[in-house]
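Text of final24.json, listed as JSON, C-alpha atoms:
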```
[["chain", "number", "residue", "atom", "x", "y", "z"],
["A", 1, "MET", "CA", 57.51, 93.82, 75.74],
["A", 2, "GLY", "CA", 54.64, 94.72, 73.45],
["A", 3, "ASN", "CA", 51.25, 96.13, 74.35],
["A", 4, "GLY", "CA", 48.55, 94.50, 72.25],
["A", 5, "THR", "CA", 45.75, 95.84, 74.44],
["A", 6, "GLU", "CA", 43.75, 99.07, 74.31],
["A", 7, "PHE", "CA", 45.10, 100.28, 77.64],
["A", 8, "ASP", "CA", 48.40, 101.69, 78.95],
["A", 9, "PHE", "CA", 50.32, 99.66, 81.48],
["A", 10, "LEU", "CA", 53.51, 100.04, 83.48],
["A", 11, "PHE", "CA", 56.42, 97.72, 82.84],
["A", 12, "SER", "CA", 59.59, 97.64, 84.90],
["A", 13, "PRO", "CA", 62.12, 95.24, 86.46],
["A", 14, "GLU", "CA", 59.90, 95.22, 89.55],
["A", 15, "LYS", "CA", 57.45, 93.16, 87.47],
["A", 16, "ILE", "CA", 60.10, 90.52, 86.73],
["A", 17, "TYR", "CA", 60.83, 87.62, 89.10],
["A", 18, "ALA", "CA", 63.67, 85.15, 88.68],
["A", 19, "THR", "CA", 64.20, 81.78, 90.36],
["A", 20, "HIS", "CA", 67.39, 79.70, 90.28],
["A", 21, "ASN", "CA", 67.34, 75.89, 90.52],
["A", 22, "SER", "CA", 63.63, 75.96, 89.78],
["A", 23, "GLY", "CA", 61.71, 72.88, 90.92],
["A", 24, "THR", "CA", 64.49, 71.54, 93.17],
["A", 25, "GLU", "CA", 65.17, 71.60, 96.89],
["A", 26, "PHE", "CA", 67.80, 74.30, 96.16],
["A", 27, "GLU", "CA", 65.27, 76.66, 94.57],
["A", 28, "LYS", "CA", 66.16, 80.25, 95.35],
["A", 29, "ASP", "CA", 64.76, 83.62, 94.32],
["A", 30, "ALA", "CA", 67.21, 85.84, 92.46],
["A", 31, "HIS", "CA", 67.09, 89.58, 92.95],
["A", 32, "VAL", "CA", 66.31, 91.51, 89.76],
["A", 33, "TYR", "CA", 67.91, 94.94, 90.06],
["A", 34, "THR", "CA", 66.05, 98.11, 89.21],
["A", 35, "TYR", "CA", 67.65, 100.87, 87.17],
["A", 36, "GLU", "CA", 67.83, 103.02, 90.33],
["A", 37, "GLU", "CA", 69.66, 100.28, 92.26],
["A", 38, "LEU", "CA", 72.18, 99.87, 89.45],
["A", 39, "VAL", "CA", 72.74, 103.64, 89.28],
["A", 40, "ALA", "CA", 73.31, 103.78, 93.06],
["A", 41, "GLU", "CA", 75.72, 100.83, 92.83],
["A", 42, "GLU", "CA", 77.62, 102.53, 89.99],
["A", 43, "GLN", "CA", 77.77, 105.83, 91.89],
["A", 44, "SER", "CA", 79.22, 104.00, 94.89],
["A", 45, "ARG", "CA", 81.80, 102.30, 92.68],
["A", 46, "GLN", "CA", 82.68, 105.66, 91.13],
["A", 47, "MET", "CA", 83.11, 107.23, 94.57],
["A", 48, "TRP", "CA", 85.59, 104.52, 95.61],
["A", 49, "MET", "CA", 87.41, 104.85, 92.29],
["A", 50, "ALA", "CA", 87.70, 108.63, 92.85],
["A", 51, "ILE", "CA", 89.02, 108.07, 96.38],
["A", 52, "ALA", "CA", 91.61, 105.58, 95.11],
["A", 53, "ALA", "CA", 92.62, 108.00, 92.34],
["A", 54, "ALA", "CA", 92.97, 110.86, 94.86],
["A", 55, "ILE", "CA", 95.20, 108.73, 97.09],
["A", 56, "SER", "CA", 97.29, 107.74, 94.09],
["A", 57, "ALA", "CA", 97.56, 111.40, 93.01],
["A", 58, "ALA", "CA", 98.67, 112.41, 96.51],
["A", 59, "GLY", "CA", 101.34, 109.70, 96.41],
["A", 60, "ASN", "CA", 102.53, 110.96, 93.01],
["A", 61, "SER", "CA", 102.79, 114.52, 94.36],
["A", 62, "MET", "CA", 104.64, 113.44, 97.51],
["A", 63, "ALA", "CA", 107.12, 111.39, 95.49],
["A", 64, "ALA", "CA", 107.68, 114.36, 93.17],
["A", 65, "ALA", "CA", 108.27, 116.74, 96.08],
["A", 66, "ASN", "CA", 110.84, 114.37, 97.58],
["A", 67, "SER", "CA", 112.60, 113.75, 94.26],
["A", 68, "GLY", "CA", 114.60, 116.98, 94.68],
["A", 69, "TYR", "CA", 116.50, 115.48, 97.61],
["A", 70, "SER", "CA", 119.54, 113.34, 97.04],
["A", 71, "TYR", "CA", 121.80, 111.61, 99.53],
["A", 72, "GLN", "CA", 125.56, 111.57, 99.25],
["A", 73, "SER", "CA", 128.08, 109.71, 101.36],
["A", 74, "GLY", "CA", 131.70, 108.80, 101.04],
["A", 75, "MET", "CA", 135.13, 108.49, 102.59],
["A", 76, "TYR", "CA", 138.11, 110.81, 102.50],
["A", 77, "SER", "CA", 141.73, 110.43, 103.54],
["A", 78, "GLY", "CA", 144.98, 112.32, 103.28],
["A", 79, "ASN", "CA", 148.42, 113.05, 104.70],
["A", 80, "TYR", "CA", 149.80, 116.12, 106.35],
["A", 81, "TYR", "CA", 153.31, 117.28, 107.30],
["A", 82, "GLY", "CA", 155.12, 120.44, 108.25],
["A", 83, "ASN", "CA", 157.92, 122.09, 110.18],
["A", 84, "ILE", "CA", 157.90, 124.10, 113.34],
["A", 85, "TYR", "CA", 160.66, 126.64, 113.95],
["A", 86, "ARG", "CA", 161.33, 127.45, 117.56],
["A", 87, "SER", "CA", 164.52, 126.67, 119.23],
["A", 88, "GLY", "CA", 165.40, 124.49, 116.34],
["A", 89, "MET", "CA", 163.48, 122.84, 113.60],
["A", 90, "ASN", "CA", 160.97, 120.21, 114.48],
["A", 91, "SER", "CA", 158.96, 118.43, 111.86],
["A", 92, "TYR", "CA", 155.66, 116.65, 112.12],
["A", 93, "SER", "CA", 153.57, 114.39, 109.85],
["A", 94, "GLY", "CA", 150.50, 112.20, 109.96],
["A", 95, "ASN", "CA", 147.46, 111.01, 108.08],
["A", 96, "PHE", "CA", 143.74, 111.39, 108.46],
["A", 97, "VAL", "CA", 140.67, 109.34, 107.50],
["A", 98, "GLY", "CA", 136.99, 110.25, 107.71],
["A", 99, "SER", "CA", 133.55, 109.86, 106.25],
["A", 100, "TYR", "CA", 130.84, 112.24, 105.21],
["A", 101, "SER", "CA", 127.11, 112.04, 104.42],
["A", 102, "GLY", "CA", 124.31, 114.46, 103.82],
["A", 103, "TYR", "CA", 121.35, 115.53, 101.73],
["A", 104, "THR", "CA", 121.20, 118.12, 99.01],
["A", 105, "TYR", "CA", 118.12, 119.62, 97.41],
["A", 106, "ASP", "CA", 117.73, 120.44, 93.72],
["A", 107, "PRO", "CA", 114.61, 122.64, 93.28],
["A", 108, "ALA", "CA", 114.68, 122.38, 89.45],
["A", 109, "LYS", "CA", 114.61, 118.57, 89.61],
["A", 110, "ALA", "CA", 111.76, 118.70, 92.14],
["A", 111, "GLN", "CA", 109.76, 121.12, 89.95],
["A", 112, "MET", "CA", 110.21, 118.99, 86.85],
["A", 113, "ALA", "CA", 109.05, 115.90, 88.78],
["A", 114, "GLN", "CA", 106.06, 117.85, 90.14],
["A", 115, "ASP", "CA", 105.09, 118.98, 86.62],
["A", 116, "ILE", "CA", 105.17, 115.35, 85.43],
["A", 117, "ALA", "CA", 103.17, 114.24, 88.49],
["A", 118, "ASP", "CA", 100.56, 116.97, 87.81],
["A", 119, "ILE", "CA", 100.13, 115.72, 84.21],
["A", 120, "LYS", "CA", 99.80, 112.09, 85.40],
["A", 121, "ASN", "CA", 97.31, 113.11, 88.10],
["A", 122, "GLN", "CA", 95.22, 115.06, 85.62],
["A", 123, "GLN", "CA", 95.19, 112.10, 83.20],
["A", 124, "LEU", "CA", 94.22, 109.75, 86.03],
["A", 125, "MET", "CA", 91.29, 111.94, 87.11],
["A", 126, "GLN", "CA", 90.13, 112.38, 83.50],
["A", 127, "SER", "CA", 90.24, 108.61, 83.02],
["A", 128, "VAL", "CA", 88.13, 108.04, 86.15],
["A", 129, "MET", "CA", 85.63, 110.67, 84.99],
["A", 130, "GLN", "CA", 85.42, 109.25, 81.46],
["A", 131, "ASN", "CA", 84.93, 105.71, 82.76],
["A", 132, "SER", "CA", 82.20, 106.95, 85.10],
["A", 133, "GLN", "CA", 80.40, 108.85, 82.35],
["A", 134, "SER", "CA", 80.68, 105.86, 80.01],
["A", 135, "ALA", "CA", 79.26, 103.47, 82.65],
["A", 136, "MET", "CA", 76.34, 105.80, 83.42],
["A", 137, "TYR", "CA", 75.64, 106.27, 79.70],
["A", 138, "GLU", "CA", 75.68, 102.49, 79.22],
["A", 139, "LEU", "CA", 73.22, 102.00, 82.09],
["A", 140, "SER", "CA", 70.96, 104.75, 80.80],
["A", 141, "ASN", "CA", 70.80, 103.29, 77.29],
["A", 142, "THR", "CA", 70.63, 99.56, 77.95],
["A", 143, "ILE", "CA", 68.99, 98.81, 81.30],
["A", 144, "LEU", "CA", 65.23, 98.36, 81.49],
["A", 145, "LYS", "CA", 63.59, 101.23, 83.37],
["A", 146, "GLU", "CA", 60.00, 101.69, 84.45],
["A", 147, "ASN", "CA", 58.02, 102.55, 81.32],
["A", 148, "THR", "CA", 54.44, 103.31, 80.45],
["A", 149, "VAL", "CA", 53.71, 101.09, 77.46],
["A", 150, "LEU", "CA", 51.09, 102.64, 75.23],
["A", 151, "PRO", "CA", 48.70, 100.52, 73.13],
["A", 152, "GLY", "CA", 50.49, 99.21, 70.06],
["A", 153, "SER", "CA", 53.91, 100.14, 71.50],
["A", 154, "ILE", "CA", 56.81, 98.08, 72.71],
["A", 155, "CYS", "CA", 59.54, 98.64, 75.26],
["A", 156, "GLY", "CA", 62.51, 96.64, 76.33],
["A", 157, "GLY", "CA", 65.90, 96.66, 77.89],
["A", 158, "GLN", "CA", 68.47, 94.60, 79.61],
["A", 159, "ILE", "CA", 67.89, 93.27, 83.13],
["A", 160, "GLU", "CA", 70.49, 92.50, 85.77],
["A", 161, "MET", "CA", 69.96, 89.81, 88.37],
["A", 162, "ASP", "CA", 71.95, 87.79, 90.88],
["A", 163, "SER", "CA", 74.19, 85.21, 89.24],
["A", 164, "PRO", "CA", 72.83, 81.68, 89.33],
["A", 165, "SER", "CA", 74.63, 79.01, 91.30],
["A", 166, "VAL", "CA", 75.85, 76.40, 88.85],
["A", 167, "SER", "CA", 76.51, 72.78, 89.74],
["A", 168, "ASP", "CA", 77.72, 69.79, 87.75],
["A", 169, "GLU", "CA", 74.12, 68.78, 87.13],
["A", 170, "THR", "CA", 71.72, 70.55, 84.78],
["A", 171, "SER", "CA", 69.41, 72.99, 86.54],
["A", 172, "TYR", "CA", 66.73, 75.43, 85.44],
["A", 173, "MET", "CA", 66.15, 79.11, 85.89],
["A", 174, "GLU", "CA", 62.66, 80.56, 85.56],
["A", 175, "ILE", "CA", 61.85, 84.17, 84.83],
["A", 176, "LEU", "CA", 58.28, 85.33, 85.45],
["A", 177, "VAL", "CA", 57.29, 88.56, 83.69],
["A", 178, "THR", "CA", 54.00, 90.21, 84.64],
["A", 179, "THR", "CA", 52.68, 92.93, 82.32],
["A", 180, "GLY", "CA", 49.30, 94.34, 81.49],
["A", 181, "GLY", "CA", 47.55, 91.79, 83.68],
["A", 182, "GLU", "CA", 49.27, 88.84, 81.97],
["A", 183, "SER", "CA", 52.04, 86.59, 83.27],
["A", 184, "HIS", "CA", 54.67, 85.03, 81.03],
["A", 185, "VAL", "CA", 57.10, 82.33, 82.22],
["A", 186, "PHE", "CA", 60.46, 81.79, 80.54],
["A", 187, "LYS", "CA", 62.41, 78.68, 81.53],
["A", 188, "TYR", "CA", 66.15, 78.37, 80.83],
["A", 189, "GLN", "CA", 68.36, 75.34, 81.16],
["A", 190, "VAL", "CA", 71.58, 76.13, 83.06],
["A", 191, "ASN", "CA", 74.64, 73.95, 82.51],
["A", 192, "LYS", "CA", 78.15, 74.28, 83.83],
["A", 193, "ALA", "CA", 80.45, 75.52, 81.08],
["A", 194, "SER", "CA", 82.85, 72.89, 79.81],
["A", 195, "GLN", "CA", 86.53, 73.72, 80.08]]
```

What does the file become when written as structure tokens?
Amino acid sequence: MGNGTEFDFLFSPEKIYATHNSGTEFEKDAHVYTYEELVAEEQSRQMWMAIAAAISAAGNSMAAANSGYSYQSGMYSGNYYGNIYRSGMNSYSGNFVGSYSGYTYDPAKAQMAQDIADIKNQQLMQSVMQNSQSAMYELSNTILKENTVLPGSICGGQIEMDSPSVSDETSYMEILVTTGGESHVFKYQVNKASQ
């Protein structure tokens, strides 16, 4: 937006109004989000991403701690025989069958798994942090914020608004921008994308 006047004026998304299905019985105002609303929304998204990453990291650590345990089971069998000397020689014989099961723990295996889990967890947290920083940087550098527009200066930025409802029939979206005491109307034709 340019300022061709001799006076400063404020320009922000709060001065922009959008209407979907303009001029029809389905006409509906669309919310135009301020920079502060988008930052709050992004911070909320980041918080949930951090919580999900922390839960995933805890799962990785628990799995690593349990990786040192291993379960063994099996069967065994054999024969036995012998002689008993008392008032003569008596012999005996037989066979036996059984099963066994149990857990063993290998601390070296558990430590190696924990080291790998720690590396994965650190990479996961770094990825979440980098994505968050990137998203905040993108918002800061592209989204229209409240600005004082000096005479002869321009300002601009991207706006975010509610998505329009699209039907099979052509509809219109109007955007009303009020700046420096002037109103400007932009009308857009909205068509359903062909597949």

Counting only C-alpha atoms, what are the residues of segment 90-178 of chain A within 9 Å of segment 50-72 of chain A, and for each of them which pair of atoms is the nearest and at what distance in Å, to one decimal? Sort the table by chain and rising number, as a Markdown table.
```
| residue | atom | partner | partner_atom | distance |
| --- | --- | --- | --- | --- |
| A:Tyr100 | CA | A:Gln72 | CA | 8.0 |
| A:Ser101 | CA | A:Gln72 | CA | 5.4 |
| A:Gly102 | CA | A:Gln72 | CA | 5.5 |
| A:Tyr103 | CA | A:Tyr71 | CA | 4.5 |
| A:Thr104 | CA | A:Ser70 | CA | 5.4 |
| A:Tyr105 | CA | A:Tyr69 | CA | 4.5 |
| A:Asp106 | CA | A:Gly68 | CA | 4.8 |
| A:Pro107 | CA | A:Gly68 | CA | 5.8 |
| A:Ala108 | CA | A:Gly68 | CA | 7.5 |
| A:Lys109 | CA | A:Gly68 | CA | 5.3 |
| A:Ala110 | CA | A:Gly68 | CA | 4.2 |
| A:Gln111 | CA | A:Ala65 | CA | 7.7 |
| A:Met112 | CA | A:Ala64 | CA | 8.2 |
| A:Ala113 | CA | A:Ala64 | CA | 4.8 |
| A:Gln114 | CA | A:Ala64 | CA | 4.9 |
| A:Asp115 | CA | A:Ala64 | CA | 8.4 |
| A:Ile116 | CA | A:Ala64 | CA | 8.2 |
| A:Ala117 | CA | A:Asn60 | CA | 5.6 |
| A:Asp118 | CA | A:Ser61 | CA | 7.3 |
| A:Lys120 | CA | A:Ala57 | CA | 8.0 |
| A:Asn121 | CA | A:Ala57 | CA | 5.2 |
| A:Gln122 | CA | A:Ala57 | CA | 8.6 |
| A:Leu124 | CA | A:Ala53 | CA | 6.7 |
| A:Met125 | CA | A:Ala53 | CA | 6.7 |
| A:Val128 | CA | A:Ala50 | CA | 6.7 |
| A:Met129 | CA | A:Ala50 | CA | 8.4 |
```

Problem - Spatial neighbours of segment 142-159 of chain A, max dist 10 Å, only C-alpha atoms, sep filter under 6 positions, as a PyMOL selection string - result: chain A and resi 1-16+32-36+38+179-180

May I have the residues from that selection written out with C-alpha atoms, as a PDB file, in the frame of the given file?
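What landed in selection-v8.pdb:
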```pdb
ATOM      1  CA  MET A   1      57.510  93.820  75.740  1.00  0.00           C
ATOM      2  CA  GLY A   2      54.640  94.720  73.450  1.00  0.00           C
ATOM      3  CA  ASN A   3      51.250  96.130  74.350  1.00  0.00           C
ATOM      4  CA  GLY A   4      48.550  94.500  72.250  1.00  0.00           C
ATOM      5  CA  THR A   5      45.750  95.840  74.440  1.00  0.00           C
ATOM      6  CA  GLU A   6      43.750  99.070  74.310  1.00  0.00           C
ATOM      7  CA  PHE A   7      45.100 100.280  77.640  1.00  0.00           C
ATOM      8  CA  ASP A   8      48.400 101.690  78.950  1.00  0.00           C
ATOM      9  CA  PHE A   9      50.320  99.660  81.480  1.00  0.00           C
ATOM     10  CA  LEU A  10      53.510 100.040  83.480  1.00  0.00           C
ATOM     11  CA  PHE A  11      56.420  97.720  82.840  1.00  0.00           C
ATOM     12  CA  SER A  12      59.590  97.640  84.900  1.00  0.00           C
ATOM     13  CA  PRO A  13      62.120  95.240  86.460  1.00  0.00           C
ATOM     14  CA  GLU A  14      59.900  95.220  89.550  1.00  0.00           C
ATOM     15  CA  LYS A  15      57.450  93.160  87.470  1.00  0.00           C
ATOM     16  CA  ILE A  16      60.100  90.520  86.730  1.00  0.00           C
ATOM     17  CA  VAL A  32      66.310  91.510  89.760  1.00  0.00           C
ATOM     18  CA  TYR A  33      67.910  94.940  90.060  1.00  0.00           C
ATOM     19  CA  THR A  34      66.050  98.110  89.210  1.00  0.00           C
ATOM     20  CA  TYR A  35      67.650 100.870  87.170  1.00  0.00           C
ATOM     21  CA  GLU A  36      67.830 103.020  90.330  1.00  0.00           C
ATOM     22  CA  LEU A  38      72.180  99.870  89.450  1.00  0.00           C
ATOM     23  CA  THR A 179      52.680  92.930  82.320  1.00  0.00           C
ATOM     24  CA  GLY A 180      49.300  94.340  81.490  1.00  0.00           C
TER      25      GLY A 180
END
```

Exercise for the section: Quote the spacing between atom CA of Ala193 of chain A and atom CA of Met173 of chain A in Å to one decimal place. Expected result: 15.5 Å

Problem - Atomic distance atom CA of His31 of chain A - atom CA of Gln43 of chain A, expressed in Å with one decimal - result: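 If I compute the distance from atom CA of His31 of chain A to atom CA of Gln43 of chain A, I get 19.5 Å.
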
Problem - Selection: 8 Å around Tyr80 of chain A, all atoms listed in the file, excl. self and same-chain fewer than 3 positions, as an NGL selection string - result: :A and (93-96)

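Minimum atom-to-atom distance to Val97 of chain A, evaluated using all atoms listed in the file, belongs to A:Asn79 out of A:Val39, A:Ser140, A:Lys187, A:Asn79.
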
Problem - A:Ser99, A:Ser127, A:Ser171, A:Asn191 ranked by distance to Glu25 of chain A, top pick (using only C-alpha atoms) - result: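 So, comparing all the options, the nearest one is A:Ser171.
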
Problem - Point-to-point distance in Å for atom CA of Val177 of chain A and atom CA of Lys192 of chain A - result: 25.3 Å

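Between Gln133 of chain A and the candidates A:Ser183, A:Gln46, A:Thr170, A:Ser165, the tightest atom-to-atom separation, counting all atoms listed in the file, involves A:Gln46.
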